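> So here's data05.cif (mmCIF, C-alpha atoms).
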data_model
#
loop_
_atom_site.group_PDB
_atom_site.id
_atom_site.type_symbol
_atom_site.label_atom_id
_atom_site.label_comp_id
_atom_site.auth_asym_id
_atom_site.auth_seq_id
_atom_site.Cartn_x
_atom_site.Cartn_y
_atom_site.Cartn_z
ATOM 1 C CA MET A 1 0.000 0.000 0.000
ATOM 2 C CA LEU A 2 1.385 3.390 -1.003
ATOM 3 C CA SER A 3 1.417 6.276 1.445
ATOM 4 C CA ALA A 4 -0.462 9.435 0.477
ATOM 5 C CA THR A 5 2.868 11.166 -0.197
ATOM 6 C CA ALA A 6 4.173 8.365 -2.423
ATOM 7 C CA PHE A 7 0.875 8.268 -4.308
ATOM 8 C CA SER A 8 0.981 12.046 -4.757
ATOM 9 C CA ILE A 9 4.529 11.864 -6.161
ATOM 10 C CA LEU A 10 3.551 9.117 -8.604
ATOM 11 C CA ARG A 11 0.559 11.184 -9.710
ATOM 12 C CA LEU A 12 2.791 14.220 -10.326
ATOM 13 C CA ILE A 13 5.287 12.184 -12.329
ATOM 14 C CA SER A 14 2.452 10.752 -14.405
ATOM 15 C CA CYS A 15 0.739 14.127 -14.845
ATOM 16 C CA PHE A 16 3.872 15.949 -16.008
ATOM 17 C CA ASN A 17 5.261 12.907 -17.862
ATOM 18 C CA VAL A 18 8.720 13.231 -16.307
ATOM 19 C CA GLN A 19 11.196 11.225 -14.286
ATOM 20 C CA GLY A 20 13.054 12.275 -11.171
ATOM 21 C CA THR A 21 12.482 13.392 -7.626
ATOM 22 C CA PRO A 22 10.002 16.257 -7.271
ATOM 23 C CA TRP A 23 11.486 19.514 -5.941
ATOM 24 C CA TYR A 24 9.262 22.290 -4.644
ATOM 25 C CA MET A 25 9.693 25.824 -3.428
ATOM 26 C CA ALA A 26 7.033 28.335 -2.428
ATOM 27 C CA LEU A 27 7.167 32.108 -2.438
ATOM 28 C CA PHE A 28 4.826 33.909 -0.034
ATOM 29 C CA ALA A 29 3.682 37.532 -0.021
ATOM 30 C CA GLU A 30 1.721 39.741 2.337
ATOM 31 C CA PRO A 31 -0.049 42.977 1.410
ATOM 32 C CA ARG A 32 1.851 46.196 2.093
ATOM 33 C CA ASP A 33 -0.959 47.473 4.321
ATOM 34 C CA GLN A 34 -1.267 44.768 6.968
ATOM 35 C CA ASP A 35 -4.444 46.277 8.431
ATOM 36 C CA LYS A 36 -6.531 46.827 5.307
ATOM 37 C CA GLY A 37 -4.586 45.400 2.356
ATOM 38 C CA SER A 38 -5.323 42.198 0.518
ATOM 39 C CA MET A 39 -3.393 39.979 -1.850
ATOM 40 C CA ILE A 40 -6.486 39.662 -4.036
ATOM 41 C CA GLU A 41 -6.275 43.382 -4.854
ATOM 42 C CA SER A 42 -5.017 43.719 -8.412
ATOM 43 C CA ASN A 43 -2.025 45.960 -7.588
ATOM 44 C CA GLU A 44 -0.773 43.734 -4.768
ATOM 45 C CA PHE A 45 -1.162 40.512 -6.731
ATOM 46 C CA GLU A 46 0.298 42.041 -9.907
ATOM 47 C CA GLU A 47 3.422 43.138 -8.013
ATOM 48 C CA PHE A 48 3.790 39.635 -6.569
ATOM 49 C CA LYS A 49 3.321 38.069 -10.017
ATOM 50 C CA LYS A 50 5.956 40.361 -11.578
ATOM 51 C CA PHE A 51 8.445 39.576 -8.809
ATOM 52 C CA TYR A 52 7.824 35.834 -9.222
ATOM 53 C CA ARG A 53 8.266 35.976 -13.001
ATOM 54 C CA ASN A 54 11.453 38.014 -12.631
ATOM 55 C CA ILE A 55 13.164 35.601 -10.243
ATOM 56 C CA LYS A 56 11.872 32.624 -12.218
ATOM 57 C CA LYS A 57 13.615 33.795 -15.385
ATOM 58 C CA ASN A 58 16.433 36.110 -14.334
ATOM 59 C CA ILE A 59 18.229 34.670 -11.312
ATOM 60 C CA VAL A 60 21.361 33.028 -12.651
ATOM 61 C CA ILE A 61 22.085 29.786 -10.820
ATOM 62 C CA ARG A 62 25.467 29.334 -12.472
ATOM 63 C CA ALA A 63 27.256 30.088 -15.708
ATOM 64 C CA GLU A 64 28.103 27.216 -18.027
ATOM 65 C CA SER A 65 30.331 27.869 -21.047
ATOM 66 C CA ASP A 66 28.620 30.666 -22.936
ATOM 67 C CA ARG A 67 25.209 30.586 -21.222
ATOM 68 C CA ASN A 68 23.549 31.164 -17.882
ATOM 69 C CA ILE A 69 21.617 28.398 -16.140
ATOM 70 C CA THR A 70 18.338 29.540 -14.550
ATOM 71 C CA TYR A 71 15.296 27.889 -13.002
ATOM 72 C CA MET A 72 13.806 27.828 -16.516
ATOM 73 C CA ASP A 73 16.417 25.215 -17.461
ATOM 74 C CA TYR A 74 15.019 22.858 -14.816
ATOM 75 C CA CYS A 75 11.268 23.444 -14.612
ATOM 76 C CA GLY A 76 10.348 21.756 -17.912
ATOM 77 C CA ASN A 77 6.628 20.896 -17.976
ATOM 78 C CA THR A 78 6.099 22.662 -14.640
ATOM 79 C CA CYS A 79 7.287 26.136 -15.708
ATOM 80 C CA ASP A 80 3.703 27.375 -15.994
ATOM 81 C CA ILE A 81 2.440 25.887 -12.736
ATOM 82 C CA ASN A 82 1.030 29.256 -11.556
ATOM 83 C CA GLU A 83 -0.529 30.376 -14.843
ATOM 84 C CA GLN A 84 -3.946 29.079 -13.784
ATOM 85 C CA VAL A 85 -4.119 31.456 -10.819
ATOM 86 C CA PHE A 86 -2.730 34.355 -12.891
ATOM 87 C CA LYS A 87 -5.531 33.916 -15.449
ATOM 88 C CA THR A 88 -8.155 33.423 -12.751
ATOM 89 C CA VAL A 89 -7.230 36.606 -10.885
ATOM 90 C CA ALA A 90 -7.068 38.582 -14.146
ATOM 91 C CA LEU A 91 -10.579 37.442 -15.131
ATOM 92 C CA SER A 92 -12.217 37.586 -11.702
ATOM 93 C CA TRP A 93 -14.147 40.823 -12.180
ATOM 94 C CA PHE A 94 -16.877 39.614 -9.829
ATOM 95 C CA GLY A 95 -14.565 38.352 -7.078
ATOM 96 C CA LEU A 96 -12.970 35.072 -6.113
ATOM 97 C CA GLN A 97 -14.609 32.095 -4.449
ATOM 98 C CA TRP A 98 -12.694 29.662 -2.290
ATOM 99 C CA PRO A 99 -11.503 26.995 -2.786
ATOM 100 C CA GLU A 100 -12.710 26.956 -6.385
ATOM 101 C CA THR A 101 -13.619 29.931 -8.578
ATOM 102 C CA SER A 102 -15.847 29.608 -11.633
ATOM 103 C CA ILE A 103 -15.421 32.029 -14.520
ATOM 104 C CA PHE A 104 -17.919 31.293 -17.272
ATOM 105 C CA MET A 105 -17.427 27.540 -17.906
ATOM 106 C CA PHE A 106 -13.893 27.480 -16.463
ATOM 107 C CA LYS A 107 -13.289 26.189 -12.925
ATOM 108 C CA SER A 108 -10.067 27.121 -11.168
ATOM 109 C CA ASN A 109 -8.856 25.650 -7.884
ATOM 110 C CA ILE A 110 -7.282 28.579 -6.055
ATOM 111 C CA GLY A 111 -7.311 26.928 -2.631
ATOM 112 C CA LYS A 112 -3.539 26.548 -2.417
ATOM 113 C CA PHE A 113 -2.771 30.151 -3.419
ATOM 114 C CA PHE A 114 -4.636 32.374 -0.916
ATOM 115 C CA PHE A 115 -4.422 32.080 2.877
ATOM 116 C CA LEU A 116 -5.436 34.022 5.999
ATOM 117 C CA ARG A 117 -8.712 34.773 4.278
ATOM 118 C CA ASP A 118 -11.642 36.896 5.374
ATOM 119 C CA MET A 119 -14.682 35.190 3.886
ATOM 120 C CA GLU A 120 -18.297 35.988 3.185
ATOM 121 C CA GLY A 121 -19.792 32.601 2.425
ATOM 122 C CA ARG A 122 -17.542 31.172 -0.311
ATOM 123 C CA ASN A 123 -16.419 34.644 -1.450
ATOM 124 C CA ILE A 124 -12.946 35.818 -0.503
ATOM 125 C CA ILE A 125 -13.225 39.352 0.829
ATOM 126 C CA ARG A 126 -9.558 39.625 1.767
ATOM 127 C CA SER A 127 -6.417 37.495 1.762
ATOM 128 C CA ARG A 128 -3.492 38.476 3.967
ATOM 129 C CA LEU A 129 -1.133 35.865 2.502
ATOM 130 C CA ALA A 130 -0.624 34.525 -1.022
ATOM 131 C CA ALA A 131 1.684 31.823 -2.360
ATOM 132 C CA LEU A 132 3.202 31.051 -5.742
ATOM 133 C CA TYR A 133 5.095 27.863 -6.443
ATOM 134 C CA PHE A 134 8.180 26.547 -8.174
ATOM 135 C CA MET A 135 8.493 22.898 -9.156
ATOM 136 C CA ALA A 136 11.040 20.756 -10.955
ATOM 137 C CA PHE A 137 12.083 17.121 -11.130
ATOM 138 C CA VAL A 138 15.644 16.463 -9.993
ATOM 139 C CA ASN A 139 17.602 13.958 -12.068
ATOM 140 C CA GLY A 140 21.082 14.092 -10.601
ATOM 141 C CA THR A 141 23.572 15.732 -8.295
ATOM 142 C CA GLN A 142 24.150 18.809 -10.487
ATOM 143 C CA ALA A 143 20.423 19.558 -10.652
ATOM 144 C CA ALA A 144 20.040 19.074 -6.889
ATOM 145 C CA ASN A 145 22.989 21.393 -6.204
ATOM 146 C CA ASP A 146 21.727 23.980 -8.678
ATOM 147 C CA LEU A 147 18.248 24.042 -7.165
ATOM 148 C CA ARG A 148 19.685 24.393 -3.629
ATOM 149 C CA ASN A 149 21.765 27.292 -4.950
ATOM 150 C CA TYR A 150 18.640 28.765 -6.548
ATOM 151 C CA GLU A 151 16.758 28.541 -3.233
ATOM 152 C CA ALA A 152 19.546 30.496 -1.510
ATOM 153 C CA LYS A 153 19.590 33.163 -4.229
ATOM 154 C CA VAL A 154 15.811 33.568 -4.096
ATOM 155 C CA ALA A 155 15.978 33.911 -0.300
ATOM 156 C CA LYS A 156 18.556 36.700 -0.672
ATOM 157 C CA SER A 157 16.420 38.506 -3.244
ATOM 158 C CA VAL A 158 13.398 38.438 -0.932
ATOM 159 C CA ILE A 159 15.149 39.944 2.064
#
Would you give me this structure, written as structure tokens?


Amino acid sequence: MLSATAFSILRLISCFNVQGTPWYMALFAEPRDQDKGSMIESNEFEEFKKFYRNIKKNIVIRAESDRNITYMDYCGNTCDINEQVFKTVALSWFGLQWPETSIFMFKSNIGKFFFLRDMEGRNIIRSRLAALYFMAFVNGTQAANDLRNYEAKVAKSVI
């Protein structure tokens, strides 16, 4: 019998059609105004999205010959793991529902992206914490070392 974690890993490998050990990292953000701000406000979330996209593409893990190695060299099929929430927030003119938002015929599970929520029924009124994710599948020592190095560089860029 497989544990829930082992089953989840097998499902991820099957879903993304890759081999290797899953590697995850999360980036969290709080609104600038801790008393009244919300991560579902377009300006707050847009700033978070821009920061995420910048570190995803522009932090150099290491240089190799004539090119720079970044997270984009490792994420493969998982590079767009947050695109669903980006599209959902952009199209959510009438608000967000938790844990799943419906926009026209499209259903989007946003449950793992917004935390410390103030709710009105299923509607999110405010979120004081948001998360975006990084994921890759590690296939060797160099990849493992590079992703550890990437984690450290992201941590420095956040502080």

> Evaluate the PyMOL selection byres ((chain A and resi 131) around 9) and record the selected residues as a ChimeraX atom specification, following the chain and residue labels used in the document.

/A:26-29,112-115,129-130,132-133

> Check the smallest atom-to-atom distance from each of A:Met25, A:Ile59, A:Ile103, A:Leu147 to Gln84 in chain A using only C-alpha atoms, then report the winner.

A:Ile103

> So which one's closest to Ser127 in chain A, A:Glu46, A:Asn68, A:Trp98, A:Trp93? Using only C-alpha atoms, please.

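Ranked by minimum distance to Ser127 in chain A, first place goes to A:Trp98.
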
> Calculated over all atoms listed in the file, which of the candidates A:Met39, A:Leu116, A:Met105, A:Val154 has the smallest distance to Arg53 in chain A?

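Result for the nearest residue to Arg53 in chain A: A:Val154.
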
> If you measure from CA of Ala144 in chain A to CA of Glu64 in chain A, what distance in Å do you get, rounded to one decimal?

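Taking CA of Ala144 in chain A as the start and CA of Glu64 in chain A as the end point, the length is 16.0 Å.
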
> Pick from A:Cys75, A:Val89, A:Ile40, A:Ile159: nearest to Met135 in chain A, with only C-alpha atoms counted?

A:Cys75

> From the set A:Ser65, A:Thr70, A:Asn58, A:Thr78, which residue has the shortest atom-to-atom contact distance to Ala136 in chain A, counting only C-alpha atoms?

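Checking each candidate against Ala136 in chain A, we get A:Thr78 as the closest.
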
> What is the CA of Glu30 in chain A to CA of Thr101 in chain A distance in Å?

21.2 Å

> Please, which residues are within 9 Å of (14.5, 16.6, -6.2) by the file's coordinates, counting only C-alpha atoms, and could they come as a ChimeraX atom specification?

/A:20-24,136-140,143-144,147

> Compare A:Lys50, A:Ser108, A:Ile125, A:Thr88 by their minimum atom-to-atom distance to Lys36 in chain A, counting all atoms listed in the file, and give me the closest one.

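Looking at the shortest contact to Lys36 in chain A, the residue is A:Ile125.
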
> Between CA of Cys79 in chain A and CA of Gln142 in chain A, what is the spacing in Å?

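Spanning CA of Gln142 in chain A to CA of Cys79 in chain A is a straight-line distance of 19.1 Å.
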
> When you look at Ser157 in chain A with a cut-off of 9 Å (counting only C-alpha atoms), what residues show up, excluding the ones that are within fewer than 4 positions of it in the same chain? I need them as number ranges by chain.

A: 55, 152-153

> Leaving out Arg117 in chain A and any residue of its chain fewer than 6 positions from it, which residues lie within 7 Å of it when counting all atoms listed in the file, given as number ranges by chain?

A: 124, 126-128

> Can I get the selection written as a PDB file, in the frame of the given file, with C-alpha atoms?


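Written output follows (part-v9.pdb):
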ATOM      1  CA  ILE A 124     -12.946  35.818  -0.503  1.00  0.00           C
ATOM      2  CA  ARG A 126      -9.558  39.625   1.767  1.00  0.00           C
ATOM      3  CA  SER A 127      -6.417  37.495   1.762  1.00  0.00           C
ATOM      4  CA  ARG A 128      -3.492  38.476   3.967  1.00  0.00           C
TER       5      ARG A 128
END
